[in-house]
Amino acid sequence: VPAWSLAQLGTDLDRDVQRAILLGKAGEFAQGLEVVEPHLVADSRHAEAWFISGFLLKEWFKQSDNLAHRQEAMQRLATSLDLQLSQGRHADWLPQARQALGYLGNRCYDDALAAVNTFQTGDEAKVLALVDQYDSAVQALEPGTDLSAERAAFHKSMAHAHATLYAATSDEVHFEGIQTNYREALALTPDDPTAWYNLAVHVYNRGVGVMKELGLETSLGEIIEKQQASRGHFAKALPAFESALKLQPGRAEILLGLATVHHALHNQAERDRYHAA
């Protein structure tokens with residue numbers, strides 16, 4: 001065999017992919033990326049090169065816990081799957097790419113749950129960014145998957161976290177957080193009677209809380225102002241209770257809530273009707 005033919009063991013890209021794999025197995029992730037990334041610039045449609053670079057970043061993330069590595073790995077792995085699908089060819093590395101992206105997506109989901117469990121003011125953006133990353137991984141693996149219920153569950157959990165913080169601080173920011181997150185959840189899953197009911201209860205209770213702020217030294221002007229504010233909360237609670245009842249007709253807690261709200265709004269005929277029901 002002529003000596004020159006021994007060097008023709010595939011293309012430069014094939015050889016560099018193999019080098020990158022060996023460097024990754026040795027834990028030299030940065031060097032492996034340096035070997036393969038120039039090919040992404042030269043040919044941005046080479047699916048395997050995207051896979052190898054994404055896999056190296058995934059392994060680097062597992063050692064470093066660097067979130068930037070995770071996000072970039074997910075994007076590159078998703079790109080590799082998209083390119084391979086568009087090219088219509090099978091590749092031996094596809095199961096590894098799917099498994100790697102699924103692992104990273106699940107890590108995002110777990111981190112979102114952990115962020116909800118330790119929730120503090122201003123954490124919504126962090127939680128929702130992690131949910132978005134999980135969603136992007138799922139869509140890359142199973143296009144068209146509906147994650148409305150999962151996303152709504154995170155909003156309801158954040159509403160509950162805000163309620164806990166509001167009970168401890170009475171900070172209006174947390175009351176707004178309760179309402180906003182329940183309404184975001186209901187925009188995704190409008191047929192959730194429990195979410196409608198919980199929203200109604202929190203808004204009604206806020207109206208009761210306003211009235212409890214009245215004292216012996218409260219001026220007449222302040223009394224009128226607080227009565228109007230309280231009535232506004234009761235009026236906002238009413239349609240949420242009604243939406244819950246449409247979804248669960250006859251549920252005793254909802255009927256009692258409606259009777260209570262109508263009593264607070266001085267609608268005695270409606271109060272009596274719901275009490276009778």
# chains A, B, ... in the order shown; residues from 1 in each chain; ligands from 1
$ residues_around --residues "Ser148 in chain A" --least-positions-apart "6" --cutoff "10 Å" --atoms "only C-alpha atoms" --output "ChimeraX atom specification"
/A:135,185-189
$ closest_residue --among "A:Ala161, A:Ala168, A:Val210, A:Ala73" --to "Gln228 in chain A" --atoms "only C-alpha atoms"
A:Val210
$ closest_residue --among "A:Gln133, A:Ala114, A:Glu184, A:Trp50" --to "Trp93 in chain A" --atoms "only C-alpha atoms"
A:Trp50
$ residues_around --residues "Asp272 in chain A" --least-positions-apart "3" --cutoff "12 Å" --atoms "only C-alpha atoms" --output "JSON list (two decimals) with all heavy atoms, in the first residue's frame"
[["chain", "number", "residue", "atom", "x", "y", "z"],
["A", 255, "LEU", "N", -70.34, 27.05, 46.64],
["A", 255, "LEU", "CA", -71.64, 27.65, 46.93],
["A", 255, "LEU", "C", -71.57, 28.53, 48.18],
["A", 255, "LEU", "O", -72.13, 29.63, 48.21],
["A", 255, "LEU", "CB", -72.69, 26.55, 47.13],
["A", 255, "LEU", "CG", -73.06, 25.77, 45.86],
["A", 255, "LEU", "CD1", -73.84, 24.51, 46.22],
["A", 255, "LEU", "CD2", -73.85, 26.64, 44.90],
["A", 256, "LEU", "N", -70.86, 28.06, 49.20],
["A", 256, "LEU", "CA", -70.70, 28.85, 50.41],
["A", 256, "LEU", "C", -69.91, 30.12, 50.12],
["A", 256, "LEU", "O", -70.24, 31.20, 50.64],
["A", 256, "LEU", "CB", -70.00, 28.02, 51.49],
["A", 256, "LEU", "CG", -69.75, 28.73, 52.82],
["A", 256, "LEU", "CD1", -71.06, 29.20, 53.44],
["A", 256, "LEU", "CD2", -69.00, 27.81, 53.78],
["A", 258, "LEU", "N", -69.79, 31.77, 47.29],
["A", 258, "LEU", "CA", -70.67, 32.68, 46.57],
["A", 258, "LEU", "C", -71.67, 33.34, 47.50],
["A", 258, "LEU", "O", -71.94, 34.56, 47.41],
["A", 258, "LEU", "CB", -71.40, 31.94, 45.44],
["A", 258, "LEU", "CG", -70.55, 31.70, 44.20],
["A", 258, "LEU", "CD1", -71.14, 30.61, 43.32],
["A", 258, "LEU", "CD2", -70.38, 32.99, 43.40],
["A", 259, "ALA", "N", -72.23, 32.57, 48.42],
["A", 259, "ALA", "CA", -73.17, 33.14, 49.39],
["A", 259, "ALA", "C", -72.48, 34.19, 50.24],
["A", 259, "ALA", "O", -73.04, 35.27, 50.51],
["A", 259, "ALA", "CB", -73.75, 32.03, 50.26],
["A", 260, "THR", "N", -71.24, 33.92, 50.64],
["A", 260, "THR", "CA", -70.49, 34.84, 51.49],
["A", 260, "THR", "C", -70.16, 36.13, 50.75],
["A", 260, "THR", "O", -70.28, 37.24, 51.30],
["A", 260, "THR", "CB", -69.19, 34.17, 51.97],
["A", 260, "THR", "OG1", -69.52, 32.95, 52.64],
["A", 260, "THR", "CG2", -68.43, 35.06, 52.93],
["A", 261, "VAL", "N", -69.74, 36.00, 49.49],
["A", 261, "VAL", "CA", -69.40, 37.19, 48.71],
["A", 261, "VAL", "C", -70.64, 38.05, 48.48],
["A", 261, "VAL", "O", -70.61, 39.28, 48.62],
["A", 261, "VAL", "CB", -68.76, 36.81, 47.36],
["A", 261, "VAL", "CG1", -68.63, 38.03, 46.46],
["A", 261, "VAL", "CG2", -67.39, 36.19, 47.58],
["A", 262, "HIS", "N", -71.76, 37.42, 48.12],
["A", 262, "HIS", "CA", -72.99, 38.19, 47.90],
["A", 262, "HIS", "C", -73.46, 38.86, 49.19],
["A", 262, "HIS", "O", -73.99, 39.99, 49.15],
["A", 262, "HIS", "CB", -74.08, 37.30, 47.33],
["A", 262, "HIS", "CG", -73.94, 37.07, 45.85],
["A", 262, "HIS", "ND1", -74.08, 38.08, 44.92],
["A", 262, "HIS", "CD2", -73.65, 35.94, 45.14],
["A", 262, "HIS", "CE1", -73.90, 37.60, 43.71],
["A", 262, "HIS", "NE2", -73.64, 36.31, 43.80],
["A", 263, "HIS", "N", -73.25, 38.20, 50.32],
["A", 263, "HIS", "CA", -73.58, 38.84, 51.61],
["A", 263, "HIS", "C", -72.71, 40.09, 51.81],
["A", 263, "HIS", "O", -73.21, 41.14, 52.22],
["A", 263, "HIS", "CB", -73.36, 37.85, 52.75],
["A", 263, "HIS", "CG", -73.61, 38.43, 54.09],
["A", 263, "HIS", "ND1", -74.87, 38.72, 54.56],
["A", 263, "HIS", "CD2", -72.74, 38.80, 55.08],
["A", 263, "HIS", "CE1", -74.78, 39.25, 55.78],
["A", 263, "HIS", "NE2", -73.50, 39.29, 56.12],
["A", 266, "HIS", "N", -73.93, 42.87, 49.85],
["A", 266, "HIS", "CA", -75.31, 43.25, 50.19],
["A", 266, "HIS", "C", -76.31, 42.81, 49.13],
["A", 266, "HIS", "O", -77.33, 43.47, 48.91],
["A", 266, "HIS", "CB", -75.42, 44.77, 50.43],
["A", 266, "HIS", "CG", -74.43, 45.28, 51.44],
["A", 266, "HIS", "ND1", -74.46, 44.90, 52.76],
["A", 266, "HIS", "CD2", -73.37, 46.12, 51.30],
["A", 266, "HIS", "CE1", -73.46, 45.50, 53.42],
["A", 266, "HIS", "NE2", -72.78, 46.23, 52.54],
["A", 267, "ASN", "N", -76.00, 41.69, 48.47],
["A", 267, "ASN", "CA", -76.95, 41.10, 47.53],
["A", 267, "ASN", "C", -77.67, 39.97, 48.24],
["A", 267, "ASN", "O", -77.34, 38.79, 48.09],
["A", 267, "ASN", "CB", -76.22, 40.55, 46.29],
["A", 267, "ASN", "CG", -75.46, 41.61, 45.55],
["A", 267, "ASN", "OD1", -75.84, 42.78, 45.54],
["A", 267, "ASN", "ND2", -74.36, 41.22, 44.90],
["A", 268, "GLN", "N", -78.65, 40.32, 49.07],
["A", 268, "GLN", "CA", -79.24, 39.33, 49.96],
["A", 268, "GLN", "C", -80.01, 38.24, 49.23],
["A", 268, "GLN", "O", -80.00, 37.07, 49.65],
["A", 268, "GLN", "CB", -80.16, 40.03, 50.97],
["A", 268, "GLN", "CG", -79.41, 40.93, 51.96],
["A", 268, "GLN", "CD", -78.28, 40.19, 52.67],
["A", 268, "GLN", "OE1", -77.10, 40.48, 52.43],
["A", 268, "GLN", "NE2", -78.62, 39.22, 53.51],
["A", 269, "ALA", "N", -80.67, 38.59, 48.14],
["A", 269, "ALA", "CA", -81.43, 37.57, 47.39],
["A", 269, "ALA", "C", -80.48, 36.50, 46.85],
["A", 269, "ALA", "O", -80.78, 35.29, 46.93],
["A", 269, "ALA", "CB", -82.23, 38.23, 46.26],
["A", 275, "HIS", "N", -77.19, 29.97, 49.56],
["A", 275, "HIS", "CA", -77.33, 29.24, 50.83],
["A", 275, "HIS", "C", -78.32, 28.09, 50.69],
["A", 275, "HIS", "O", -78.08, 26.97, 51.17],
["A", 275, "HIS", "CB", -77.79, 30.18, 51.94],
["A", 275, "HIS", "CG", -76.65, 30.65, 52.81],
["A", 275, "HIS", "ND1", -75.84, 29.79, 53.51],
["A", 275, "HIS", "CD2", -76.20, 31.91, 53.09],
["A", 275, "HIS", "CE1", -74.94, 30.47, 54.18],
["A", 275, "HIS", "NE2", -75.11, 31.76, 53.94],
["A", 276, "ALA", "N", -79.40, 28.34, 49.99],
["A", 276, "ALA", "CA", -80.40, 27.29, 49.78],
["A", 276, "ALA", "C", -79.82, 26.16, 48.94],
["A", 276, "ALA", "O", -80.07, 24.98, 49.21],
["A", 276, "ALA", "CB", -81.64, 27.89, 49.10],
["A", 277, "ALA", "N", -79.03, 26.54, 47.93],
["A", 277, "ALA", "CA", -78.40, 25.51, 47.07],
["A", 277, "ALA", "C", -77.42, 24.67, 47.89],
["A", 277, "ALA", "O", -77.29, 23.46, 47.67],
["A", 277, "ALA", "CB", -77.70, 26.17, 45.91]]
$ atom_distance --atom1 "CA of Lys58 in chain A" --atom2 "CA of Leu23 in chain A"
14.0 Å
$ residues_around --residues "Asp82 in chain A" --least-positions-apart "4" --cutoff "8 Å" --atoms "only C-alpha atoms" --output "compact mmCIF listing (two decimals) with C-alpha atoms, in the first residue's frame"
# COMPACT_ATOMS: atom_id res chain seq x y z
CA ALA A 78 -31.20 20.12 19.71
CA SER A 86 -33.94 17.36 7.99
CA ALA A 140 -36.73 18.90 20.38
$ residues_around --residues "Thr164 in chain A" --least-positions-apart "4" --cutoff "12 Å" --atoms "only C-alpha atoms" --output "tab-separated table (two decimals) with N, CA and C atoms, in the first residue's frame"
chain	number	residue	atom	x	y	z
A	117	ASN	N	-39.43	25.52	45.64
A	117	ASN	CA	-39.41	25.11	47.06
A	117	ASN	C	-38.66	26.09	47.95
A	118	THR	N	-37.77	26.88	47.37
A	118	THR	CA	-37.02	27.89	48.14
A	118	THR	C	-37.39	29.30	47.67
A	119	PHE	N	-38.60	29.46	47.19
A	119	PHE	CA	-39.03	30.66	46.48
A	119	PHE	C	-38.90	31.92	47.33
A	120	GLN	N	-38.36	32.97	46.70
A	120	GLN	CA	-38.28	34.30	47.32
A	120	GLN	C	-38.72	35.35	46.31
A	121	THR	N	-38.93	36.55	46.77
A	121	THR	CA	-39.37	37.63	45.90
A	121	THR	C	-38.45	37.77	44.68
A	157	SER	N	-47.87	26.66	41.95
A	157	SER	CA	-46.92	26.52	43.06
A	157	SER	C	-46.34	27.87	43.46
A	158	MET	N	-46.07	28.73	42.47
A	158	MET	CA	-45.54	30.06	42.80
A	158	MET	C	-46.61	30.92	43.46
A	159	ALA	N	-47.88	30.73	43.06
A	159	ALA	CA	-48.96	31.45	43.73
A	159	ALA	C	-49.02	31.04	45.20
A	160	HIS	N	-48.88	29.74	45.46
A	160	HIS	CA	-48.89	29.25	46.84
A	160	HIS	C	-47.70	29.81	47.62
A	168	ALA	N	-46.77	36.11	55.89
A	168	ALA	CA	-45.68	36.46	56.81
A	168	ALA	C	-45.33	37.94	56.77
A	169	THR	N	-45.53	38.60	55.61
A	169	THR	CA	-45.02	39.96	55.44
A	169	THR	C	-46.09	41.02	55.21
A	170	SER	N	-47.27	40.59	54.72
A	170	SER	CA	-48.34	41.52	54.32
A	170	SER	C	-47.89	42.46	53.21
A	171	ASP	N	-46.85	42.08	52.49
A	171	ASP	CA	-46.33	42.90	51.39
A	171	ASP	C	-47.25	42.76	50.18
A	174	HIS	N	-46.60	40.44	47.18
A	174	HIS	CA	-46.94	39.02	47.23
A	174	HIS	C	-48.41	38.78	46.93
A	175	PHE	N	-49.28	39.70	47.33
A	175	PHE	CA	-50.69	39.57	46.97
A	175	PHE	C	-50.84	39.64	45.45
A	177	GLY	N	-48.54	38.84	43.37
A	177	GLY	CA	-47.96	37.59	42.87
A	177	GLY	C	-48.94	36.44	42.91
A	178	ILE	N	-49.77	36.39	43.95
A	178	ILE	CA	-50.81	35.35	44.04
A	178	ILE	C	-51.75	35.46	42.84
A	202	HIS	N	-58.48	33.89	47.85
A	202	HIS	CA	-57.41	34.84	48.19
A	202	HIS	C	-57.87	36.28	47.98
$ closest_residue --among "A:Leu57, A:Ala125, A:Ala152, A:Leu77" --to "Gly32 in chain A" --atoms "only C-alpha atoms"
A:Leu57
$ select_by_dssp --residues "range 73-174 of chain A" --states "alpha helix (DSSP H)" --output "PyMOL selection string"
chain A and resi 73-87+94-117+124-141+148-169+172-174
$ atom_distance --atom1 "CA of Leu238 in chain A" --atom2 "CA of Tyr204 in chain A"
8.3 Å
$ closest_residue --among "A:Asn106, A:Thr218, A:Gln139, A:Gln96" --to "Arg70 in chain A" --atoms "only C-alpha atoms"
A:Asn106
$ residues_around --residues "Trp196 in chain A" --least-positions-apart "4" --cutoff "8 Å" --atoms "only C-alpha atoms" --output "PyMOL selection string"
chain A and resi 182+186+192+200+240-241+243-244
$ closest_residue --among "A:Leu245, A:Ala252, A:Ala235, A:Ala30" --to "Ala195 in chain A" --atoms "only C-alpha atoms"
A:Leu245
$ residues_around --residues "Gly232 in chain A" --least-positions-apart "2" --cutoff "12 Å" --atoms "only C-alpha atoms" --output "list in words"
Val203, Tyr204, Asn205, Arg206, Gly207, Val208, Val210, Met211, Glu225, Lys226, Gln227, Gln228, Ala229, Ser230, Phe234, Ala235, Lys236, Ala237, Leu238, Val261, Ala264 and Leu265 of chain A
$ closest_residue --among "A:Ala153, A:Ala20, A:Ala49, A:Leu104" --to "Ser136 in chain A" --atoms "only C-alpha atoms"
A:Leu104
$ closest_atom_pairs --of "range 149-203 of chain A" --to "range 128-132 of chain A" --cutoff "10 Å" --atoms "only C-alpha atoms" --output "Markdown table"
| residue | atom | partner | partner_atom | distance |
| --- | --- | --- | --- | --- |
| A:Glu150 | CA | A:Val131 | CA | 8.9 |
| A:Arg151 | CA | A:Val131 | CA | 7.1 |
| A:Phe154 | CA | A:Leu128 | CA | 8.3 |
| A:His155 | CA | A:Leu128 | CA | 8.8 |
